[in-house]
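Peer 1: One structure is given below, represented as C-alpha cells, and several questions about it will come after.
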Amino acid sequence: MKVHKLSDHYQTLGVSREASADEIKKAYRKLARELHPDVNPDPAVQDKFKEITAAYEVLSDSQKRQSYDMGGSAFGGGGFGGGFSDIMDAFFGGGGSRGPRPRMRAGQDSLIRVQVDLHEACFGTEREITVESAVVCPKCTGSGCIDGGQPSTCAVCRGRGESQQVVRSVIGQVMTSRPCNACGGYGSVIQNPCRECAGEGRVRSRQNIQVKIPAGVETGNRIQLSGRGEVGHGGGPAGDLYVEIVEIDHDYLIREGDTLHMSLSVSMSAAAIGTTVTVESLDGPVEVNVKAGTQSGTPIAIKGKGMTRLRHGGRGDLVVHVEVQTPTKLSREEEELLKKFADLRGEKSGDAHVKNPDGGIFSKIKGAFTK
Ligand SMILES: [Zn+2]
Ligand SMILES: [Zn+2]
C-alpha cells in the first residue's frame with residue numbers, strides 16, 4: 001500500500017485560503033497543463049499531477065472544501081469520487097492504447113509441479129511429464145485464417161485499431177482513444193476464421209515432455225524449459241515452461257540442505273560396549289561405528305553420504321544420531337544382573353547429580369536463548 005503524505009490543498013494549487021472557485025479552477029488548469037502526463041511522463045511529475053488533481057477535487061466542491069477548511073475528513077477519507085476518476089480517465093484514455101495492437105503476441109509461461117523422492121533428488125532423474133498447453137494451430141499454422149487467407153483491414157477504424165473521442169474536462173477538451181470494438185484493437189478483421197482455432201492461431205493440446213532433473217534439487221527449485229510454455233495469440237512465440245520440484249518426505253532420512261539426518265536406536269549395553277551397525281543410506285548399506293561409551297544424542301557423521309550439492313557438486317554428510325535405549329520390563333534375572341553391575345561400579349541407588357551446563361542438551365538450550 002502506498003502511503004501518501006498529507007499536504008495542504010491550497011499550497012498544492014498555489015492559491016490563498018480565500019481564493020474564489022474561479023481562481024482555484026484557473027490555478028488547477030495552469031498546473032494541469034504543465035504536469036499533464038502526455039507532456040511530462042516522468043513518474044514524479046505524474047505523482048504531482050495526481051496530487052493537484054486530488055486537491056482540486058476537494059477545493060472545487062463547496063461542501064468538501066468547507067469540510068476540509070474545518071479540518072474534516074473529506075480531506076483524505078472520502079477518497080476519489082466519480083469526478084476524480086472521470087478526470088483521470090480523460091487523461092489516461094482508459095488504458096492508453098496507441099495504434100493497432102499486434103495480432104501475434106508472445107505466449108505465457110507455464111508452471112508444473114513434479115514430485116521426486118529423496119533418492120531422485122540426490123542423484124537426479126529423468127521424467128516424462130504431461131502438460132496441457134497451447135500450441136500453434138496445425139490447420140492455419142497460426143494465421144487464424146482459413147485456406148491461407150489474410151486478415152483484412154478493419155472498415156470501422158481503417159486499420160488504426162482505436163476509436164478516438166473528444167471528452168470535455170476542466171482543463172478543456174481532451175482527446176481519448178479506446179480499442180476499436182469492431183476489430184478488438186487489431187486494426188484488421190479475419191473474415192473467414194480457421195475452424196480449428198476460431199481465428200486465435202493456437203489450440204490447446206496435451207504434450208509429453210521429457211525433463212532432466214539434475215542431482216541435488218530440493219523443494220521450490222524450478223527448472224526452466226525455454227520455449228516449452230504456451231504459444232501466444234496468433235501463433236506468437238511460446239513462453240517458458242517451469243518445472244517446480246516438490247520433494248517427498250523420506251521414511252527415516254531428514255534433509256537439511258546437503259546434510260541428511262537419521263536416528264539410530266542402540267541398546268544400553270551396545271552403547272556401553274561399542275558396536276558396528278549397518279544402516280541403509282541413499283547409497284545402500286553403510287557401516288556405522290558406535291564407539292564404546294557412546295552417549296544418547298551423540299551424532300556420528302558419515303562423510304559424503306548426504307545430498308548432492310546442486311551447484312558446486314560433491315556430497316554432504318549423513319549424520320546418524322544415536323539414541324540409547326534404556327531397557328524396560330526387566331526380568332528378575334536381568335534386574336539382579338543390573339544391581340550387581342551397579343554394585344561393581346560402586347553406584348548407589350538414587351545416584352544422580354545435577355550436571356553443570358557445560359555441554360549436552362543444556363548448552364544447546366542455553367545457546368538457543370543467548371544467540
Ligand atoms: Zn487455426
Ligand atoms: Zn477496427
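Residues in the C-alpha cells are named by chain (A, B, ... in the order shown) and by number from 1 within that chain; ligands are numbered from 1 in the order shown.
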Taking only stretch 94-149 of chain A into account, list the residues labelled strand (DSSP E or B) by DSSP (computed from the backbone), as a list of chain:residue names.
Peer 2: A:Ser110, A:Leu111, A:Ile112, A:Arg113, A:Val114, A:Gln115, A:Val116, A:Thr125, A:Glu126, A:Arg127, A:Glu128, A:Ile129, A:Thr130, A:Val131, A:Glu132, A:Ser133, A:Ala134, A:Val135, A:Val136, A:Cys145
Peer 1: Any chance you can output those residues with N, CA, C and O atoms as a tab-separated table (two decimals), in the first residue's frame?
Peer 2:
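Final output, again.tsv:
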```
chain	number	residue	atom	x	y	z
A	110	SER	N	4.43	-21.26	-18.33
A	110	SER	CA	3.60	-22.20	-17.57
A	110	SER	C	4.42	-22.80	-16.45
A	110	SER	O	5.64	-22.79	-16.48
A	111	LEU	N	3.71	-23.30	-15.46
A	111	LEU	CA	4.37	-23.91	-14.31
A	111	LEU	C	3.73	-25.26	-14.02
A	111	LEU	O	2.52	-25.39	-14.05
A	112	ILE	N	4.57	-26.24	-13.81
A	112	ILE	CA	4.06	-27.55	-13.44
A	112	ILE	C	4.90	-28.07	-12.28
A	112	ILE	O	6.10	-27.83	-12.22
A	113	ARG	N	4.26	-28.72	-11.33
A	113	ARG	CA	4.99	-29.25	-10.16
A	113	ARG	C	5.22	-30.74	-10.35
A	113	ARG	O	4.35	-31.46	-10.81
A	114	VAL	N	6.42	-31.15	-9.99
A	114	VAL	CA	6.79	-32.56	-10.13
A	114	VAL	C	7.30	-33.07	-8.79
A	114	VAL	O	8.15	-32.44	-8.16
A	115	GLN	N	6.76	-34.20	-8.36
A	115	GLN	CA	7.22	-34.80	-7.10
A	115	GLN	C	8.40	-35.73	-7.35
A	115	GLN	O	8.39	-36.53	-8.29
A	116	VAL	N	9.42	-35.59	-6.52
A	116	VAL	CA	10.56	-36.51	-6.61
A	116	VAL	C	10.83	-37.05	-5.21
A	116	VAL	O	10.59	-36.37	-4.21
A	125	THR	N	17.31	-37.39	-12.06
A	125	THR	CA	16.49	-38.36	-12.75
A	125	THR	C	15.93	-37.76	-14.03
A	125	THR	O	16.11	-36.56	-14.29
A	126	GLU	N	15.29	-38.58	-14.80
A	126	GLU	CA	14.61	-38.09	-15.99
A	126	GLU	C	13.14	-38.43	-15.85
A	126	GLU	O	12.79	-39.48	-15.34
A	127	ARG	N	12.30	-37.52	-16.25
A	127	ARG	CA	10.88	-37.69	-16.02
A	127	ARG	C	10.10	-37.30	-17.27
A	127	ARG	O	10.43	-36.31	-17.92
A	128	GLU	N	9.09	-38.08	-17.58
A	128	GLU	CA	8.20	-37.66	-18.66
A	128	GLU	C	6.99	-37.02	-18.02
A	128	GLU	O	6.32	-37.65	-17.18
A	129	ILE	N	6.74	-35.76	-18.36
A	129	ILE	CA	5.58	-35.09	-17.78
A	129	ILE	C	4.57	-34.77	-18.88
A	129	ILE	O	4.93	-34.61	-20.05
A	130	THR	N	3.33	-34.72	-18.50
A	130	THR	CA	2.27	-34.39	-19.44
A	130	THR	C	1.75	-33.01	-19.10
A	130	THR	O	1.36	-32.76	-17.97
A	131	VAL	N	1.81	-32.11	-20.08
A	131	VAL	CA	1.30	-30.77	-19.85
A	131	VAL	C	0.21	-30.44	-20.85
A	131	VAL	O	0.28	-30.81	-22.02
A	132	GLU	N	-0.79	-29.74	-20.34
A	132	GLU	CA	-1.87	-29.25	-21.19
A	132	GLU	C	-1.47	-27.81	-21.52
A	132	GLU	O	-1.30	-26.99	-20.63
A	133	SER	N	-1.29	-27.54	-22.80
A	133	SER	CA	-0.73	-26.25	-23.17
A	133	SER	C	-1.32	-25.76	-24.49
A	133	SER	O	-2.07	-26.47	-25.13
A	134	ALA	N	-0.95	-24.54	-24.87
A	134	ALA	CA	-1.40	-24.01	-26.15
A	134	ALA	C	-0.27	-24.20	-27.17
A	134	ALA	O	0.88	-23.87	-26.89
A	135	VAL	N	-0.63	-24.75	-28.33
A	135	VAL	CA	0.36	-24.94	-29.39
A	135	VAL	C	-0.13	-24.23	-30.65
A	135	VAL	O	-1.31	-23.87	-30.76
A	136	VAL	N	0.76	-24.03	-31.61
A	136	VAL	CA	0.39	-23.39	-32.86
A	136	VAL	C	-0.69	-24.24	-33.55
A	136	VAL	O	-0.56	-25.46	-33.62
A	145	CYS	N	-6.55	-17.70	-40.21
A	145	CYS	CA	-7.42	-17.59	-41.40
A	145	CYS	C	-7.57	-18.95	-42.08
A	145	CYS	O	-6.68	-19.79	-42.03
```
Peer 1: Listing only residues of chain A within 10 Å of ligand 2, what is the closest atom pair and its distance in Å (to one decimal) for each, using only C-alpha atoms and all ligand atoms, sorted by chain and residue number ascending, as a tab-separated table?
Peer 2:
```
residue	atom	partner	partner_atom_place_in_ligand_line	distance
A:Pro100	CA	ligand 2	1 (Zn)	8.2
A:Thr153	CA	ligand 2	1 (Zn)	7.8
A:Cys154	CA	ligand 2	1 (Zn)	4.5
A:Ala155	CA	ligand 2	1 (Zn)	6.5
A:Val156	CA	ligand 2	1 (Zn)	5.0
A:Cys157	CA	ligand 2	1 (Zn)	4.1
A:Arg158	CA	ligand 2	1 (Zn)	6.4
A:Gly159	CA	ligand 2	1 (Zn)	6.0
A:Arg160	CA	ligand 2	1 (Zn)	6.6
A:Gly161	CA	ligand 2	1 (Zn)	4.7
A:Glu162	CA	ligand 2	1 (Zn)	6.4
A:Ser163	CA	ligand 2	1 (Zn)	7.7
A:Pro179	CA	ligand 2	1 (Zn)	7.7
A:Cys180	CA	ligand 2	1 (Zn)	4.6
A:Asn181	CA	ligand 2	1 (Zn)	6.4
A:Ala182	CA	ligand 2	1 (Zn)	4.9
A:Cys183	CA	ligand 2	1 (Zn)	4.1
A:Gly184	CA	ligand 2	1 (Zn)	6.5
A:Gly185	CA	ligand 2	1 (Zn)	5.8
A:Tyr186	CA	ligand 2	1 (Zn)	6.6
A:Gly187	CA	ligand 2	1 (Zn)	4.6
A:Ser188	CA	ligand 2	1 (Zn)	6.3
A:Val189	CA	ligand 2	1 (Zn)	7.5
```
Peer 1: Provide the atom CA of A:Asp343 to atom CA of A:Asn289 distance in Å, to one decimal place.
Peer 2: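 These two atoms are separated by 29.4 Å.
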Peer 1: Tell me, in Å to one decimal, how far atom CA of A:Gln325 is from atom CA of A:Lys303.
Peer 2: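 We find that atom CA of A:Gln325 and atom CA of A:Lys303 lie 25.6 Å from each other.
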Peer 1: Show me which residues sit within 7 Å of ligand 1 when counting only C-alpha atoms and all ligand atoms, and put them as a list in words.
Peer 2: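 Result of the 7 Å neighbour search around ligand 1: Cys137, Pro138, Lys139, Cys140, Thr141, Gly142, Ser143, Gly144, Cys145, Cys194, Arg195, Glu196, Cys197, Ala198, Gly199, Glu200, Gly201 and Arg202 of chain A.
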Peer 1: Ranking A:Val217, A:Leu338, A:Ile209, A:Val203 by minimum distance to A:His233 and counting only C-alpha atoms, which one comes first?
Peer 2: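 Once distances to A:His233 are computed over only C-alpha atoms, the minimum belongs to A:Val203.
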Peer 1: Leaving out A:Thr12 and any residue of its chain fewer than 6 positions from it, which residues lie within 8 Å of it when counting only C-alpha atoms, given as a PyMOL selection string?
Peer 2: chain A and resi 51-52+55
Peer 1: Work out how far atom CA of A:Asp258 is from atom CA of A:Asp317, in Å to one decimal.
Peer 2: 7.2 Å
Peer 1: From a DSSP calculation on the backbone, collect every residue of stretch 25-272 of chain A in helix (DSSP H, G or I) and output the set as an MDAnalysis selection string.
Peer 2: chainID A and resid 25:35 43:59 62:69 73:75 82:95 118:123 146:148 233:235 268:272
